[in-house]
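Undergrad: Data: target21.txt, compact mmCIF, N, CA and C atoms.
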# COMPACT_ATOMS: atom_id res chain seq x y z
N MET B 1270 -11.19 9.09 -24.63
CA MET B 1270 -10.69 8.65 -23.35
C MET B 1270 -9.17 8.63 -23.37
N SER B 1271 -8.53 9.27 -22.40
CA SER B 1271 -7.07 9.28 -22.35
C SER B 1271 -6.57 8.17 -21.42
N VAL B 1272 -5.43 7.65 -21.77
CA VAL B 1272 -4.83 6.59 -20.97
C VAL B 1272 -3.89 7.25 -19.97
N LYS B 1273 -4.05 6.92 -18.68
CA LYS B 1273 -3.20 7.49 -17.65
C LYS B 1273 -1.89 6.72 -17.56
N LYS B 1274 -0.80 7.45 -17.38
CA LYS B 1274 0.50 6.82 -17.21
C LYS B 1274 0.52 6.08 -15.87
N VAL B 1275 1.10 4.91 -15.87
CA VAL B 1275 1.18 4.10 -14.67
C VAL B 1275 2.52 4.35 -13.99
N ALA B 1276 2.46 4.72 -12.72
CA ALA B 1276 3.68 4.90 -11.93
C ALA B 1276 3.98 3.60 -11.21
N ALA B 1277 5.24 3.25 -11.13
CA ALA B 1277 5.62 1.98 -10.51
C ALA B 1277 6.04 2.19 -9.06
N PHE B 1278 5.54 1.33 -8.20
CA PHE B 1278 5.95 1.25 -6.80
C PHE B 1278 6.27 -0.21 -6.53
N THR B 1279 7.18 -0.44 -5.61
CA THR B 1279 7.48 -1.81 -5.21
C THR B 1279 7.29 -1.92 -3.71
N PRO B 1280 6.13 -2.44 -3.28
CA PRO B 1280 5.97 -2.64 -1.84
C PRO B 1280 6.75 -3.87 -1.40
N TYR B 1281 7.24 -3.83 -0.18
CA TYR B 1281 7.97 -4.96 0.37
C TYR B 1281 7.12 -5.60 1.46
N PHE B 1282 6.84 -6.87 1.31
CA PHE B 1282 6.05 -7.62 2.28
C PHE B 1282 6.94 -8.68 2.92
N THR B 1283 6.65 -9.01 4.17
CA THR B 1283 7.30 -10.18 4.75
C THR B 1283 6.74 -11.40 4.02
N GLU B 1284 7.37 -12.55 4.21
CA GLU B 1284 6.86 -13.77 3.58
C GLU B 1284 5.43 -14.06 4.03
N ASP B 1285 5.17 -13.89 5.33
CA ASP B 1285 3.82 -14.13 5.85
C ASP B 1285 2.81 -13.16 5.24
N GLU B 1286 3.18 -11.87 5.19
CA GLU B 1286 2.28 -10.88 4.60
C GLU B 1286 2.01 -11.18 3.13
N ALA B 1287 3.07 -11.52 2.39
CA ALA B 1287 2.92 -11.82 0.97
C ALA B 1287 2.02 -13.04 0.76
N GLY B 1288 2.18 -14.03 1.62
CA GLY B 1288 1.33 -15.22 1.54
C GLY B 1288 -0.14 -14.88 1.76
N GLN B 1289 -0.39 -13.98 2.71
CA GLN B 1289 -1.77 -13.57 2.99
C GLN B 1289 -2.34 -12.73 1.85
N VAL B 1290 -1.52 -11.87 1.25
CA VAL B 1290 -1.97 -11.07 0.09
C VAL B 1290 -2.36 -12.01 -1.05
N ARG B 1291 -1.50 -12.96 -1.35
CA ARG B 1291 -1.80 -13.90 -2.44
C ARG B 1291 -3.05 -14.71 -2.13
N ALA B 1292 -3.17 -15.18 -0.88
CA ALA B 1292 -4.33 -15.98 -0.48
C ALA B 1292 -5.62 -15.17 -0.58
N ALA B 1293 -5.59 -13.94 -0.09
CA ALA B 1293 -6.79 -13.08 -0.15
C ALA B 1293 -7.18 -12.81 -1.59
N PHE B 1294 -6.19 -12.53 -2.43
CA PHE B 1294 -6.49 -12.29 -3.85
C PHE B 1294 -7.12 -13.52 -4.49
N LEU B 1295 -6.51 -14.68 -4.31
CA LEU B 1295 -7.04 -15.90 -4.93
C LEU B 1295 -8.42 -16.26 -4.40
N ALA B 1296 -8.65 -16.03 -3.11
CA ALA B 1296 -9.93 -16.40 -2.50
C ALA B 1296 -11.06 -15.46 -2.91
N THR B 1297 -10.72 -14.23 -3.31
CA THR B 1297 -11.78 -13.24 -3.54
C THR B 1297 -11.80 -12.62 -4.93
N ARG B 1298 -10.87 -12.97 -5.79
CA ARG B 1298 -10.78 -12.28 -7.08
C ARG B 1298 -12.07 -12.36 -7.88
N ALA B 1299 -12.73 -13.50 -7.90
CA ALA B 1299 -13.99 -13.62 -8.64
C ALA B 1299 -15.10 -12.83 -7.95
N LEU B 1300 -15.07 -12.78 -6.64
CA LEU B 1300 -16.10 -12.07 -5.88
C LEU B 1300 -15.92 -10.56 -5.93
N GLU B 1301 -14.66 -10.09 -5.91
CA GLU B 1301 -14.36 -8.67 -5.87
C GLU B 1301 -14.04 -8.08 -7.24
N GLY B 1302 -13.75 -8.93 -8.21
CA GLY B 1302 -13.52 -8.45 -9.57
C GLY B 1302 -12.10 -8.02 -9.87
N ASP B 1303 -11.14 -8.35 -9.01
CA ASP B 1303 -9.75 -7.99 -9.28
C ASP B 1303 -9.17 -8.91 -10.35
N ALA B 1304 -8.59 -8.30 -11.39
CA ALA B 1304 -8.03 -9.08 -12.49
C ALA B 1304 -6.60 -9.55 -12.19
N SER B 1305 -5.92 -8.86 -11.28
CA SER B 1305 -4.54 -9.22 -10.96
C SER B 1305 -4.26 -8.85 -9.50
N VAL B 1306 -3.18 -9.42 -8.98
CA VAL B 1306 -2.81 -9.08 -7.61
C VAL B 1306 -2.41 -7.60 -7.54
N SER B 1307 -1.85 -7.05 -8.61
CA SER B 1307 -1.53 -5.62 -8.63
C SER B 1307 -2.79 -4.78 -8.50
N GLU B 1308 -3.82 -5.15 -9.22
CA GLU B 1308 -5.09 -4.42 -9.11
C GLU B 1308 -5.65 -4.53 -7.69
N PHE B 1309 -5.55 -5.69 -7.10
CA PHE B 1309 -5.99 -5.91 -5.72
C PHE B 1309 -5.24 -4.98 -4.76
N ILE B 1310 -3.90 -4.90 -4.90
CA ILE B 1310 -3.08 -4.07 -4.02
C ILE B 1310 -3.39 -2.59 -4.23
N VAL B 1311 -3.56 -2.17 -5.47
CA VAL B 1311 -3.89 -0.77 -5.76
C VAL B 1311 -5.23 -0.41 -5.13
N ARG B 1312 -6.23 -1.27 -5.30
CA ARG B 1312 -7.57 -1.00 -4.75
C ARG B 1312 -7.51 -0.88 -3.23
N ALA B 1313 -6.79 -1.80 -2.59
CA ALA B 1313 -6.68 -1.77 -1.13
C ALA B 1313 -5.91 -0.52 -0.67
N THR B 1314 -4.85 -0.19 -1.38
CA THR B 1314 -4.05 0.98 -1.02
C THR B 1314 -4.86 2.27 -1.18
N MET B 1315 -5.60 2.40 -2.27
CA MET B 1315 -6.39 3.61 -2.48
C MET B 1315 -7.53 3.72 -1.47
N ARG B 1316 -8.07 2.61 -1.02
CA ARG B 1316 -9.07 2.63 0.04
C ARG B 1316 -8.46 3.21 1.32
N GLU B 1317 -7.23 2.82 1.63
CA GLU B 1317 -6.53 3.35 2.79
C GLU B 1317 -6.19 4.84 2.61
N VAL B 1318 -5.79 5.22 1.42
CA VAL B 1318 -5.51 6.64 1.15
C VAL B 1318 -6.76 7.47 1.39
N LYS B 1319 -7.90 7.02 0.90
CA LYS B 1319 -9.17 7.74 1.12
C LYS B 1319 -9.49 7.84 2.61
N ARG B 1320 -9.25 6.77 3.36
CA ARG B 1320 -9.49 6.78 4.81
C ARG B 1320 -8.61 7.83 5.48
N LEU B 1321 -7.34 7.86 5.10
CA LEU B 1321 -6.41 8.83 5.69
C LEU B 1321 -6.77 10.26 5.29
N GLN B 1322 -7.24 10.45 4.06
CA GLN B 1322 -7.69 11.79 3.64
C GLN B 1322 -8.86 12.25 4.50
N ARG B 1323 -9.80 11.36 4.75
CA ARG B 1323 -10.95 11.72 5.59
C ARG B 1323 -10.50 12.04 7.01
N LYS B 1324 -9.58 11.24 7.54
CA LYS B 1324 -9.15 11.40 8.92
C LYS B 1324 -8.22 12.59 9.14
N HIS B 1325 -7.32 12.83 8.20
CA HIS B 1325 -6.24 13.79 8.44
C HIS B 1325 -6.22 14.99 7.49
N ASN B 1326 -7.11 15.04 6.49
CA ASN B 1326 -7.04 16.12 5.50
C ASN B 1326 -8.43 16.61 5.09
N GLN B 1327 -9.36 16.59 6.02
CA GLN B 1327 -10.73 17.04 5.79
C GLN B 1327 -11.36 16.42 4.53
N GLY B 1328 -10.95 15.19 4.22
CA GLY B 1328 -11.51 14.47 3.09
C GLY B 1328 -11.00 14.92 1.73
N ARG B 1329 -10.07 15.82 1.72
CA ARG B 1329 -9.53 16.34 0.45
C ARG B 1329 -8.30 15.55 0.03
N SER B 1330 -8.07 15.53 -1.28
CA SER B 1330 -6.84 14.92 -1.80
C SER B 1330 -5.66 15.79 -1.42
N TRP B 1331 -4.52 15.16 -1.19
CA TRP B 1331 -3.29 15.91 -0.97
C TRP B 1331 -2.70 16.31 -2.31
N GLU B 1332 -1.82 17.29 -2.28
CA GLU B 1332 -1.07 17.64 -3.48
C GLU B 1332 -0.19 16.45 -3.84
N PRO B 1333 -0.15 16.07 -5.10
CA PRO B 1333 0.71 14.94 -5.49
C PRO B 1333 2.18 15.23 -5.18
N VAL B 1334 2.89 14.18 -4.84
CA VAL B 1334 4.33 14.28 -4.57
C VAL B 1334 5.06 13.68 -5.76
N PRO B 1335 6.03 14.40 -6.32
CA PRO B 1335 6.71 13.90 -7.52
C PRO B 1335 7.52 12.62 -7.26
N ALA B 1336 7.62 11.82 -8.29
CA ALA B 1336 8.45 10.62 -8.22
C ALA B 1336 9.88 11.02 -7.84
N GLY B 1337 10.51 10.17 -7.05
CA GLY B 1337 11.87 10.43 -6.62
C GLY B 1337 11.96 11.18 -5.31
N SER B 1338 10.82 11.62 -4.77
CA SER B 1338 10.81 12.40 -3.52
C SER B 1338 10.82 11.52 -2.28
N LEU B 1339 10.50 10.26 -2.44
CA LEU B 1339 10.37 9.36 -1.29
C LEU B 1339 11.64 8.54 -1.08
N ARG B 1340 11.80 8.08 0.12
CA ARG B 1340 12.91 7.19 0.45
C ARG B 1340 12.77 5.91 -0.36
N HIS B 1341 13.87 5.36 -0.80
CA HIS B 1341 13.87 4.12 -1.56
C HIS B 1341 14.25 2.95 -0.66
N GLY B 1342 13.79 1.78 -1.04
CA GLY B 1342 14.23 0.56 -0.36
C GLY B 1342 13.41 0.16 0.84
N GLN B 1343 13.85 -0.91 1.43
CA GLN B 1343 13.18 -1.50 2.58
C GLN B 1343 13.63 -0.83 3.86
N ARG B 1344 12.89 -1.12 4.93
CA ARG B 1344 13.27 -0.63 6.25
C ARG B 1344 14.56 -1.32 6.69
N THR B 1345 15.28 -0.65 7.57
CA THR B 1345 16.46 -1.28 8.16
C THR B 1345 16.00 -2.31 9.19
N ARG B 1346 16.88 -3.18 9.61
CA ARG B 1346 16.53 -4.17 10.64
C ARG B 1346 16.06 -3.48 11.92
N ASP B 1347 16.73 -2.39 12.31
CA ASP B 1347 16.32 -1.66 13.51
C ASP B 1347 14.91 -1.09 13.35
N GLU B 1348 14.60 -0.55 12.20
CA GLU B 1348 13.26 -0.01 11.97
C GLU B 1348 12.20 -1.11 12.02
N ILE B 1349 12.51 -2.26 11.48
CA ILE B 1349 11.57 -3.39 11.52
C ILE B 1349 11.37 -3.84 12.96
N ARG B 1350 12.45 -3.93 13.72
CA ARG B 1350 12.35 -4.33 15.12
C ARG B 1350 11.49 -3.33 15.91
N GLN B 1351 11.68 -2.04 15.70
CA GLN B 1351 10.89 -1.02 16.38
C GLN B 1351 9.42 -1.11 15.97
N ARG B 1352 9.16 -1.33 14.70
CA ARG B 1352 7.78 -1.47 14.24
C ARG B 1352 7.12 -2.67 14.88
N ASP B 1353 7.86 -3.79 14.93
CA ASP B 1353 7.30 -5.02 15.47
C ASP B 1353 7.02 -4.93 16.97
N THR B 1354 7.79 -4.14 17.68
CA THR B 1354 7.54 -3.99 19.12
C THR B 1354 6.32 -3.11 19.37
N ARG B 1355 5.95 -2.25 18.42
CA ARG B 1355 4.76 -1.39 18.57
C ARG B 1355 3.49 -2.14 18.23
N GLU B 1356 3.56 -3.17 17.41
CA GLU B 1356 2.36 -3.87 16.93
C GLU B 1356 1.85 -4.87 17.92
Output the file's structure in the form of structure tokens.
TA:
Amino acid sequence: MSVKKVAAFTPYFTEDEAGQVRAAFLATRALEGDASVSEFIVRATMREVKRLQRKHNQGRSWEPVPAGSLRHGQRTRDEIRQRDTRE
């Protein structure tokens, strides 16, 4: 069995979002089997990736994107304001 290299991501949550993530993890870790909040976030994220693959890519995996190809950092205040007005 080979060990896969772990790539690091840093998601940014609002205080309210982070509180809900922590609460959901603590409330369900024994029921869902998550050993850590990181495992919980990875599982939830990959579930969303699979949903998007089904919806937008005929259920197929996308070609991996190399590290360093994505924008770094948090959204700007204007981007957050625009997002919040759409929700």
Undergrad: Which of these residues is nearest to Arg1312 of chain B, using only C-alpha atoms: B:Asn1326, B:Ala1299, B:Ile1349, B:Phe1294?
TA: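 The answer is B:Phe1294, which sits nearest to Arg1312 of chain B.
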Undergrad: Residues of chain B classed as alpha helix (DSSP H) by DSSP on the backbone are to be reported as an mmCIF file with N, CA and C atoms, keeping the file's coordinate frame.
TA:
data_model
loop_
_atom_site.group_PDB
_atom_site.id
_atom_site.type_symbol
_atom_site.label_atom_id
_atom_site.label_comp_id
_atom_site.auth_asym_id
_atom_site.auth_seq_id
_atom_site.Cartn_x
_atom_site.Cartn_y
_atom_site.Cartn_z
ATOM 1 N N GLU B 1284 7.370 -12.550 4.210
ATOM 2 C CA GLU B 1284 6.860 -13.770 3.580
ATOM 3 C C GLU B 1284 5.430 -14.060 4.030
ATOM 4 N N ASP B 1285 5.170 -13.890 5.330
ATOM 5 C CA ASP B 1285 3.820 -14.130 5.850
ATOM 6 C C ASP B 1285 2.810 -13.160 5.240
ATOM 7 N N GLU B 1286 3.180 -11.870 5.190
ATOM 8 C CA GLU B 1286 2.280 -10.880 4.600
ATOM 9 C C GLU B 1286 2.010 -11.180 3.130
ATOM 10 N N ALA B 1287 3.070 -11.520 2.390
ATOM 11 C CA ALA B 1287 2.920 -11.820 0.970
ATOM 12 C C ALA B 1287 2.020 -13.040 0.760
ATOM 13 N N GLY B 1288 2.180 -14.030 1.620
ATOM 14 C CA GLY B 1288 1.330 -15.220 1.540
ATOM 15 C C GLY B 1288 -0.140 -14.880 1.760
ATOM 16 N N GLN B 1289 -0.390 -13.980 2.710
ATOM 17 C CA GLN B 1289 -1.770 -13.570 2.990
ATOM 18 C C GLN B 1289 -2.340 -12.730 1.850
ATOM 19 N N VAL B 1290 -1.520 -11.870 1.250
ATOM 20 C CA VAL B 1290 -1.970 -11.070 0.090
ATOM 21 C C VAL B 1290 -2.360 -12.010 -1.050
ATOM 22 N N ARG B 1291 -1.500 -12.960 -1.350
ATOM 23 C CA ARG B 1291 -1.800 -13.900 -2.440
ATOM 24 C C ARG B 1291 -3.050 -14.710 -2.130
ATOM 25 N N ALA B 1292 -3.170 -15.180 -0.880
ATOM 26 C CA ALA B 1292 -4.330 -15.980 -0.480
ATOM 27 C C ALA B 1292 -5.620 -15.170 -0.580
ATOM 28 N N ALA B 1293 -5.590 -13.940 -0.090
ATOM 29 C CA ALA B 1293 -6.790 -13.080 -0.150
ATOM 30 C C ALA B 1293 -7.180 -12.810 -1.590
ATOM 31 N N PHE B 1294 -6.190 -12.530 -2.430
ATOM 32 C CA PHE B 1294 -6.490 -12.290 -3.850
ATOM 33 C C PHE B 1294 -7.120 -13.520 -4.490
ATOM 34 N N LEU B 1295 -6.510 -14.680 -4.310
ATOM 35 C CA LEU B 1295 -7.040 -15.900 -4.930
ATOM 36 C C LEU B 1295 -8.420 -16.260 -4.400
ATOM 37 N N ALA B 1296 -8.650 -16.030 -3.110
ATOM 38 C CA ALA B 1296 -9.930 -16.400 -2.500
ATOM 39 C C ALA B 1296 -11.060 -15.460 -2.910
ATOM 40 N N THR B 1297 -10.720 -14.230 -3.310
ATOM 41 C CA THR B 1297 -11.780 -13.240 -3.540
ATOM 42 C C THR B 1297 -11.800 -12.620 -4.930
ATOM 43 N N ARG B 1298 -10.870 -12.970 -5.790
ATOM 44 C CA ARG B 1298 -10.780 -12.280 -7.080
ATOM 45 C C ARG B 1298 -12.070 -12.360 -7.880
ATOM 46 N N ALA B 1299 -12.730 -13.500 -7.900
ATOM 47 C CA ALA B 1299 -13.990 -13.620 -8.640
ATOM 48 C C ALA B 1299 -15.100 -12.830 -7.950
ATOM 49 N N LEU B 1300 -15.070 -12.780 -6.640
ATOM 50 C CA LEU B 1300 -16.100 -12.070 -5.880
ATOM 51 C C LEU B 1300 -15.920 -10.560 -5.930
ATOM 52 N N GLU B 1301 -14.660 -10.090 -5.910
ATOM 53 C CA GLU B 1301 -14.360 -8.670 -5.870
ATOM 54 C C GLU B 1301 -14.040 -8.080 -7.240
ATOM 55 N N VAL B 1306 -3.180 -9.420 -8.980
ATOM 56 C CA VAL B 1306 -2.810 -9.080 -7.610
ATOM 57 C C VAL B 1306 -2.410 -7.600 -7.540
ATOM 58 N N SER B 1307 -1.850 -7.050 -8.610
ATOM 59 C CA SER B 1307 -1.530 -5.620 -8.630
ATOM 60 C C SER B 1307 -2.790 -4.780 -8.500
ATOM 61 N N GLU B 1308 -3.820 -5.150 -9.220
ATOM 62 C CA GLU B 1308 -5.090 -4.420 -9.110
ATOM 63 C C GLU B 1308 -5.650 -4.530 -7.690
ATOM 64 N N PHE B 1309 -5.550 -5.690 -7.100
ATOM 65 C CA PHE B 1309 -5.990 -5.910 -5.720
ATOM 66 C C PHE B 1309 -5.240 -4.980 -4.760
ATOM 67 N N ILE B 1310 -3.900 -4.900 -4.900
ATOM 68 C CA ILE B 1310 -3.080 -4.070 -4.020
ATOM 69 C C ILE B 1310 -3.390 -2.590 -4.230
ATOM 70 N N VAL B 1311 -3.560 -2.170 -5.470
ATOM 71 C CA VAL B 1311 -3.890 -0.770 -5.760
ATOM 72 C C VAL B 1311 -5.230 -0.410 -5.130
ATOM 73 N N ARG B 1312 -6.230 -1.270 -5.300
ATOM 74 C CA ARG B 1312 -7.570 -1.000 -4.750
ATOM 75 C C ARG B 1312 -7.510 -0.880 -3.230
ATOM 76 N N ALA B 1313 -6.790 -1.800 -2.590
ATOM 77 C CA ALA B 1313 -6.680 -1.770 -1.130
ATOM 78 C C ALA B 1313 -5.910 -0.520 -0.670
ATOM 79 N N THR B 1314 -4.850 -0.190 -1.380
ATOM 80 C CA THR B 1314 -4.050 0.980 -1.020
ATOM 81 C C THR B 1314 -4.860 2.270 -1.180
ATOM 82 N N MET B 1315 -5.600 2.400 -2.270
ATOM 83 C CA MET B 1315 -6.390 3.610 -2.480
ATOM 84 C C MET B 1315 -7.530 3.720 -1.470
ATOM 85 N N ARG B 1316 -8.070 2.610 -1.020
ATOM 86 C CA ARG B 1316 -9.070 2.630 0.040
ATOM 87 C C ARG B 1316 -8.460 3.210 1.320
ATOM 88 N N GLU B 1317 -7.230 2.820 1.630
ATOM 89 C CA GLU B 1317 -6.530 3.350 2.790
ATOM 90 C C GLU B 1317 -6.190 4.840 2.610
ATOM 91 N N VAL B 1318 -5.790 5.220 1.420
ATOM 92 C CA VAL B 1318 -5.510 6.640 1.150
ATOM 93 C C VAL B 1318 -6.760 7.470 1.390
ATOM 94 N N LYS B 1319 -7.900 7.020 0.900
ATOM 95 C CA LYS B 1319 -9.170 7.740 1.120
ATOM 96 C C LYS B 1319 -9.490 7.840 2.610
ATOM 97 N N ARG B 1320 -9.250 6.770 3.360
ATOM 98 C CA ARG B 1320 -9.490 6.780 4.810
ATOM 99 C C ARG B 1320 -8.610 7.830 5.480
ATOM 100 N N LEU B 1321 -7.340 7.860 5.100
ATOM 101 C CA LEU B 1321 -6.410 8.830 5.690
ATOM 102 C C LEU B 1321 -6.770 10.260 5.290
ATOM 103 N N GLN B 1322 -7.240 10.450 4.060
ATOM 104 C CA GLN B 1322 -7.690 11.790 3.640
ATOM 105 C C GLN B 1322 -8.860 12.250 4.500
ATOM 106 N N ARG B 1323 -9.800 11.360 4.750
ATOM 107 C CA ARG B 1323 -10.950 11.720 5.590
ATOM 108 C C ARG B 1323 -10.500 12.040 7.010
ATOM 109 N N LYS B 1324 -9.580 11.240 7.540
ATOM 110 C CA LYS B 1324 -9.150 11.400 8.920
ATOM 111 C C LYS B 1324 -8.220 12.590 9.140
ATOM 112 N N HIS B 1325 -7.320 12.830 8.200
ATOM 113 C CA HIS B 1325 -6.240 13.790 8.440
ATOM 114 C C HIS B 1325 -6.220 14.990 7.490
ATOM 115 N N ARG B 1346 16.880 -3.180 9.610
ATOM 116 C CA ARG B 1346 16.530 -4.170 10.640
ATOM 117 C C ARG B 1346 16.060 -3.480 11.920
ATOM 118 N N ASP B 1347 16.730 -2.390 12.310
ATOM 119 C CA ASP B 1347 16.320 -1.660 13.510
ATOM 120 C C ASP B 1347 14.910 -1.090 13.350
ATOM 121 N N GLU B 1348 14.600 -0.550 12.200
ATOM 122 C CA GLU B 1348 13.260 -0.010 11.970
ATOM 123 C C GLU B 1348 12.200 -1.110 12.020
ATOM 124 N N ILE B 1349 12.510 -2.260 11.480
ATOM 125 C CA ILE B 1349 11.570 -3.390 11.520
ATOM 126 C C ILE B 1349 11.370 -3.840 12.960
ATOM 127 N N ARG B 1350 12.450 -3.930 13.720
ATOM 128 C CA ARG B 1350 12.350 -4.330 15.120
ATOM 129 C C ARG B 1350 11.490 -3.330 15.910
ATOM 130 N N GLN B 1351 11.680 -2.040 15.700
ATOM 131 C CA GLN B 1351 10.890 -1.020 16.380
ATOM 132 C C GLN B 1351 9.420 -1.110 15.970
ATOM 133 N N ARG B 1352 9.160 -1.330 14.700
ATOM 134 C CA ARG B 1352 7.780 -1.470 14.240
ATOM 135 C C ARG B 1352 7.120 -2.670 14.880
ATOM 136 N N ASP B 1353 7.860 -3.790 14.930
ATOM 137 C CA ASP B 1353 7.300 -5.020 15.470
ATOM 138 C C ASP B 1353 7.020 -4.930 16.970
ATOM 139 N N THR B 1354 7.790 -4.140 17.680
ATOM 140 C CA THR B 1354 7.540 -3.990 19.120
ATOM 141 C C THR B 1354 6.320 -3.110 19.370
ATOM 142 N N ARG B 1355 5.950 -2.250 18.420
ATOM 143 C CA ARG B 1355 4.760 -1.390 18.570
ATOM 144 C C ARG B 1355 3.490 -2.140 18.230
#
Undergrad: So which residues touch Pro1280 of chain B within 12 Å, counting only C-alpha atoms, skipping near sequence neighbours fewer than 3 positions away, as a list in words?
TA: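 Counting only the stated atoms, we get Ala1277, Thr1283, Glu1286, Ala1287, Val1290, Ser1307, Ile1310, Val1311, Thr1314, His1341, Gly1342, Gln1343 and Arg1344 of chain B.
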Undergrad: Just give me the gap between atom C of Lys1319 of chain B and atom CA of Trp1331 of chain B in Å, one decimal is fine.
TA: 10.8 Å
